[in-house]
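Colleague: I am sharing target.pdb, which consists of PDB, C-alpha atoms:
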```pdb
ATOM      1  CA  MET A   1     -85.836 129.266 178.100
ATOM      2  CA  THR A   2     -83.107 126.731 178.840
ATOM      3  CA  GLY A   3     -79.511 127.019 179.821
ATOM      4  CA  GLY A   4     -76.907 126.717 177.107
ATOM      5  CA  PRO A   5     -73.173 126.099 177.168
ATOM      6  CA  GLY A   6     -71.416 128.067 179.857
ATOM      7  CA  GLY A   7     -74.713 128.936 181.561
ATOM      8  CA  GLN A   8     -75.933 131.153 178.738
ATOM      9  CA  GLY A   9     -79.632 131.128 177.924
ATOM     10  CA  PHE A  10     -80.965 129.331 174.879
ATOM     11  CA  GLU A  11     -81.414 131.412 171.748
ATOM     12  CA  ALA A  12     -83.176 130.077 168.687
ATOM     13  CA  ALA A  13     -81.229 130.502 165.458
ATOM     14  CA  THR A  14     -82.373 133.581 163.521
ATOM     15  CA  GLY A  15     -80.075 133.059 160.536
ATOM     16  CA  ASP A  16     -77.924 136.070 161.416
ATOM     17  CA  GLY A  17     -75.334 134.298 163.525
ATOM     18  CA  PRO A  18     -73.034 131.320 163.259
ATOM     19  CA  ALA A  19     -74.590 127.982 162.419
ATOM     20  CA  PRO A  20     -75.991 126.415 165.583
ATOM     21  CA  PRO A  21     -74.028 123.381 166.726
ATOM     22  CA  ALA A  22     -75.254 120.129 165.227
ATOM     23  CA  GLY A  23     -75.951 117.142 167.387
ATOM     24  CA  PRO A  24     -78.116 115.808 170.164
ATOM     25  CA  GLY A  25     -77.304 118.607 172.621
ATOM     26  CA  ARG A  26     -78.712 121.339 170.405
ATOM     27  CA  ALA A  27     -81.654 119.158 169.395
ATOM     28  CA  ALA A  28     -82.500 118.629 173.077
ATOM     29  CA  GLU A  29     -82.285 122.377 173.786
ATOM     30  CA  VAL A  30     -84.575 123.191 170.858
ATOM     31  CA  ARG A  31     -87.057 120.483 171.871
ATOM     32  CA  THR A  32     -87.118 121.702 175.490
ATOM     33  CA  ALA A  33     -87.600 125.338 174.452
ATOM     34  CA  TYR A  34     -90.350 124.393 171.991
ATOM     35  CA  GLU A  35     -92.181 122.240 174.538
ATOM     36  CA  GLY A  36     -91.937 125.149 176.992
ATOM     37  CA  LEU A  37     -93.421 127.476 174.394
ATOM     38  CA  MET A  38     -96.366 125.127 173.813
ATOM     39  CA  GLN A  39     -96.932 124.762 177.579
ATOM     40  CA  ILE A  40     -96.938 128.546 178.052
ATOM     41  CA  ARG A  41     -99.484 128.856 175.259
ATOM     42  CA  ARG A  42    -101.770 126.267 176.846
ATOM     43  CA  LEU A  43    -101.546 127.962 180.241
ATOM     44  CA  VAL A  44    -102.118 131.583 179.187
ATOM     45  CA  ASN A  45    -104.370 131.302 176.143
ATOM     46  CA  GLY A  46    -107.340 129.551 177.693
ATOM     47  CA  PRO A  47    -109.510 127.589 175.242
ATOM     48  CA  PRO A  48    -107.444 128.456 172.106
ATOM     49  CA  GLY A  49    -104.442 126.907 173.876
ATOM     50  CA  ALA A  50    -101.365 126.065 171.835
ATOM     51  CA  ALA A  51    -103.019 127.068 168.544
ATOM     52  CA  VAL A  52    -102.280 130.783 168.957
ATOM     53  CA  PRO A  53     -99.210 132.729 170.074
ATOM     54  CA  ALA A  54     -99.037 133.781 173.706
ATOM     55  CA  PRO A  55     -98.939 137.533 174.435
ATOM     56  CA  TRP A  56     -95.176 137.491 175.138
ATOM     57  CA  GLU A  57     -94.603 136.045 171.651
ATOM     58  CA  SER A  58     -95.988 139.255 170.154
ATOM     59  CA  ARG A  59     -93.433 141.211 172.170
ATOM     60  CA  GLN A  60     -90.613 138.815 171.231
ATOM     61  CA  ALA A  61     -91.889 137.845 167.784
ATOM     62  CA  PRO A  62     -88.502 137.262 166.073
ATOM     63  CA  ARG A  63     -87.416 134.884 168.841
ATOM     64  CA  ALA A  64     -90.736 133.033 168.849
ATOM     65  CA  VAL A  65     -90.845 132.663 165.053
ATOM     66  CA  ALA A  66     -87.214 131.496 164.931
ATOM     67  CA  LEU A  67     -87.930 128.878 167.612
ATOM     68  CA  VAL A  68     -90.921 127.482 165.704
ATOM     69  CA  LEU A  69     -88.903 127.278 162.470
ATOM     70  CA  GLU A  70     -85.871 125.679 164.111
ATOM     71  CA  ALA A  71     -88.054 123.194 166.018
ATOM     72  CA  ALA A  72     -89.675 122.210 162.706
ATOM     73  CA  GLY A  73     -86.245 121.247 161.383
ATOM     74  CA  ILE A  74     -85.970 124.074 158.860
ATOM     75  CA  THR A  75     -82.365 125.143 158.321
ATOM     76  CA  PRO A  76     -81.384 128.641 159.412
ATOM     77  CA  SER A  77     -79.008 130.647 157.281
ATOM     78  CA  ALA A  78     -75.672 131.411 158.936
ATOM     79  CA  VAL A  79     -72.959 134.019 158.749
ATOM     80  CA  ASP A  80     -69.234 133.861 159.431
ATOM     81  CA  PRO A  81     -67.463 136.291 161.798
ATOM     82  CA  ASP A  82     -67.120 138.790 158.925
ATOM     83  CA  GLY A  83     -70.888 138.744 158.298
ATOM     84  CA  ARG A  84     -70.740 136.723 155.064
ATOM     85  CA  ARG A  85     -73.506 134.184 154.516
ATOM     86  CA  THR A  86     -72.207 130.623 154.723
ATOM     87  CA  ARG A  87     -75.321 128.548 154.038
ATOM     88  CA  ASN A  88     -78.830 128.754 152.652
ATOM     89  CA  GLY A  89     -81.643 129.022 155.130
ATOM     90  CA  TYR A  90     -84.220 131.215 156.788
ATOM     91  CA  ARG A  91     -83.433 134.582 158.294
ATOM     92  CA  VAL A  92     -85.844 136.031 160.866
ATOM     93  CA  ALA A  93     -85.731 139.762 161.575
ATOM     94  CA  PRO A  94     -88.080 142.411 162.932
ATOM     95  CA  ALA A  95     -90.201 144.065 160.242
ATOM     96  CA  PRO A  96     -90.776 147.821 160.213
ATOM     97  CA  GLU A  97     -94.238 147.373 161.776
ATOM     98  CA  PRO A  98     -94.210 146.593 165.529
ATOM     99  CA  GLY A  99     -95.025 142.969 166.357
ATOM    100  CA  THR A 100     -94.364 141.881 162.777
ATOM    101  CA  VAL A 101     -91.509 139.703 161.582
ATOM    102  CA  ARG A 102     -89.900 139.321 158.188
ATOM    103  CA  VAL A 103     -88.685 135.856 157.165
ATOM    104  CA  SER A 104     -86.306 135.724 154.207
ATOM    105  CA  TRP A 105     -84.492 132.843 152.514
ATOM    106  CA  LEU A 106     -80.832 133.766 152.145
ATOM    107  CA  GLY A 107     -77.510 132.148 151.384
ATOM    108  CA  PRO A 108     -74.018 132.780 150.098
ATOM    109  CA  PRO A 109     -73.565 134.367 146.672
ATOM    110  CA  GLY A 110     -74.101 131.737 143.982
ATOM    111  CA  GLY A 111     -75.556 129.289 146.527
ATOM    112  CA  GLY A 112     -78.979 129.063 144.895
ATOM    113  CA  ALA A 113     -81.007 130.698 147.659
ATOM    114  CA  ALA A 114     -82.913 132.893 145.189
ATOM    115  CA  GLU A 115     -84.050 129.825 143.242
ATOM    116  CA  GLU A 116     -85.181 128.050 146.428
ATOM    117  CA  GLU A 117     -86.866 130.962 148.150
ATOM    118  CA  GLN A 118     -90.474 130.596 146.981
ATOM    119  CA  GLU A 119     -90.674 126.890 147.832
ATOM    120  CA  ARG A 120     -88.778 127.214 151.100
ATOM    121  CA  LEU A 121     -90.665 130.316 152.257
ATOM    122  CA  THR A 122     -93.915 128.529 151.435
ATOM    123  CA  ASP A 123     -92.741 125.684 153.698
ATOM    124  CA  CYS A 124     -91.893 128.194 156.446
ATOM    125  CA  GLY A 125     -95.333 129.788 156.054
ATOM    126  CA  ARG A 126     -97.115 126.440 156.423
ATOM    127  CA  VAL A 127     -95.251 125.668 159.642
ATOM    128  CA  LEU A 128     -95.893 129.126 161.087
ATOM    129  CA  GLU A 129     -99.590 129.135 160.144
ATOM    130  CA  ARG A 130    -100.057 125.804 161.956
ATOM    131  CA  HIS A 131     -98.632 127.598 165.005
ATOM    132  CA  GLY A 132    -101.038 130.544 164.899
ATOM    133  CA  TRP A 133     -99.066 133.027 162.811
ATOM    134  CA  GLU A 134    -100.471 134.795 159.752
ATOM    135  CA  CYS A 135     -98.051 134.846 156.830
ATOM    136  CA  LEU A 136     -98.129 136.815 153.597
ATOM    137  CA  LEU A 137     -95.594 136.258 150.815
ATOM    138  CA  TYR A 138     -94.285 139.440 149.183
ATOM    139  CA  ARG A 139     -91.719 140.456 146.607
ATOM    140  CA  GLY A 140     -89.243 143.043 147.779
ATOM    141  CA  PRO A 141     -86.235 144.818 146.342
ATOM    142  CA  ARG A 142     -84.485 143.016 143.493
ATOM    143  CA  ARG A 143     -87.613 140.844 143.230
ATOM    144  CA  ARG A 144     -86.579 138.744 146.246
ATOM    145  CA  ARG A 145     -89.444 137.184 148.154
ATOM    146  CA  PHE A 146     -90.049 137.356 151.899
ATOM    147  CA  LEU A 147     -92.762 136.445 154.374
ATOM    148  CA  GLU A 148     -94.374 139.065 156.536
ATOM    149  CA  VAL A 149     -95.470 137.288 159.730
ATOM    150  CA  GLU A 150     -97.673 138.420 162.598
ATOM    151  CA  PRO A 151     -99.633 136.673 165.350
ATOM    152  CA  ARG A 152    -103.146 135.586 164.450
ATOM    153  CA  ARG A 153    -105.642 137.802 166.199
TER     154      ARG A 153
END
```
What would you get if you wrote out this structure as structure tokens?

Modeller:
Amino acid sequence: MTGGPGGQGFEAATGDGPAPPAGPGRAAEVRTAYEGLMQIRRLVNGPPGAAVPAPWESRQAPRAVALVLEAAGITPSAVDPDGRRTRNGYRVAPAPEPGTVRVSWLGPPGGGAAEEEQERLTDCGRVLERHGWECLLYRGPRRRRFLEVEPRR
């Protein structure tokens, strides 16, 4: 998508890494990547244009979903080098079914993520549905909610 620090490519925050750097540099990278995504959609999707995911998004669904969420200003979760959650936010991961993504709302123990999850996942679902993704809210193990997300057909 775009070049990052040290020549590395841009990666949208999935919630499984360190918190992305705050500030105008990261905001510009996210904006550029998002605008590129919308342009690709308009070019390859014909009349449906930017309203539906491009074919490559189905193949790279976690990356595409994470980009849409980060571009919408929704906070990703983050982990420290030992893998411990350090803040509440979304986590995007592949679901067991190919082309499907699972979005969870996670945070550090005692951080209140479980109490926020229904409202915050509903917000995530609204953003994703406006971008051509179908979202279903489920309850999983330990009664924690998650979104199952797939491209609109």

Colleague: Give me, as a Markdown table, each residue of stretch 17-103 of chain A that comes within 12 Å of stretch 119-122 of chain A, together with its shortest interatomic pair and the distance in Å at one decimal, counting all atoms listed in the file, with rows ordered by chain and rising residue number.

Modeller:
```
| residue | atom | partner | partner_atom | distance |
| --- | --- | --- | --- | --- |
| A:Leu69 | CA | A:Leu121 | CA | 10.8 |
| A:Ile74 | CA | A:Arg120 | CA | 8.8 |
| A:Thr75 | CA | A:Arg120 | CA | 9.9 |
| A:Pro76 | CA | A:Arg120 | CA | 11.2 |
| A:Asn88 | CA | A:Arg120 | CA | 10.2 |
| A:Gly89 | CA | A:Arg120 | CA | 8.4 |
| A:Tyr90 | CA | A:Leu121 | CA | 7.9 |
| A:Arg91 | CA | A:Leu121 | CA | 10.3 |
| A:Val92 | CA | A:Leu121 | CA | 11.4 |
| A:Arg102 | CA | A:Leu121 | CA | 10.8 |
| A:Val103 | CA | A:Leu121 | CA | 7.7 |
```

Colleague: Counting all atoms listed in the file, which residue out of A:Arg145, A:Arg31, A:Arg26, A:Arg85 sits closest to A:Gln118?

Modeller: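 Closest candidate: A:Arg145.
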
Colleague: Evaluate the PyMOL selection byres ((chain A and resi 109) around 12) on the structure here and hand back the selected residues as a compact mmCIF listing (two decimals) with C-alpha atoms, in the frame of the given file.

Modeller:
```
# COMPACT_ATOMS: atom_id res chain seq x y z
CA ARG A 84 -70.74 136.72 155.06
CA ARG A 85 -73.51 134.18 154.52
CA THR A 86 -72.21 130.62 154.72
CA ARG A 87 -75.32 128.55 154.04
CA ASN A 88 -78.83 128.75 152.65
CA LEU A 106 -80.83 133.77 152.15
CA GLY A 107 -77.51 132.15 151.38
CA PRO A 108 -74.02 132.78 150.10
CA GLY A 110 -74.10 131.74 143.98
CA GLY A 111 -75.56 129.29 146.53
CA GLY A 112 -78.98 129.06 144.90
CA ALA A 113 -81.01 130.70 147.66
CA ALA A 114 -82.91 132.89 145.19
CA GLU A 115 -84.05 129.82 143.24
```

Colleague: Specify as a ChimeraX atom specification each residue included when the PyMOL selection byres ((chain A and resi 60) around 12) is applied to this file.

Modeller: /A:11-12,53-59,61-67,92-94,98-101,150-151

Colleague: Evaluate the PyMOL selection byres ((chain A and resi 18) around 7) here and jot the selected residues down as a PDB file with C-alpha atoms, in the frame of the given file.

Modeller:
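File written: out-v9.pdb
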```pdb
ATOM      1  CA  GLY A  17     -75.334 134.298 163.525  1.00  0.00           C
ATOM      2  CA  ALA A  19     -74.590 127.982 162.419  1.00  0.00           C
ATOM      3  CA  PRO A  20     -75.991 126.415 165.583  1.00  0.00           C
ATOM      4  CA  ALA A  78     -75.672 131.411 158.936  1.00  0.00           C
ATOM      5  CA  VAL A  79     -72.959 134.019 158.749  1.00  0.00           C
ATOM      6  CA  ASP A  80     -69.234 133.861 159.431  1.00  0.00           C
TER       7      ASP A  80
END
```

Colleague: For a test of reading the model, state the distance in Å between atom CA of A:Arg42 and atom CA of A:Val127, rounded to one decimal.

Modeller: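 Computing the Euclidean distance for atom CA of A:Arg42 and atom CA of A:Val127 yields 18.4 Å.
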
Colleague: When you count all atoms listed in the file, which of these residues is closest to A:Asp16: A:Glu134, A:Asp82, A:Glu148, A:Glu29?

Modeller: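 Answer, going by the shortest atom-to-atom distance: A:Asp82.
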
Colleague: Rounded to one decimal, what separation in Å do you get between atom CA of A:Thr32 and atom CA of A:Val68?

Modeller: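 About the pair atom CA of A:Thr32 and atom CA of A:Val68: they are 12.0 Å apart.
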
Colleague: One decimal, in Å: what's the spacing between atom CA of A:Arg152 and atom CA of A:Trp105?

Modeller: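 Atom CA of A:Arg152 sits 22.3 Å away from atom CA of A:Trp105.
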
Colleague: If you count only C-alpha atoms, which residues fall within 9 Å of A:Met38, apart from same-chain ones fewer than 2 positions away, as a ChimeraX atom specification?

Modeller: /A:33-36,40-43,49-51,53
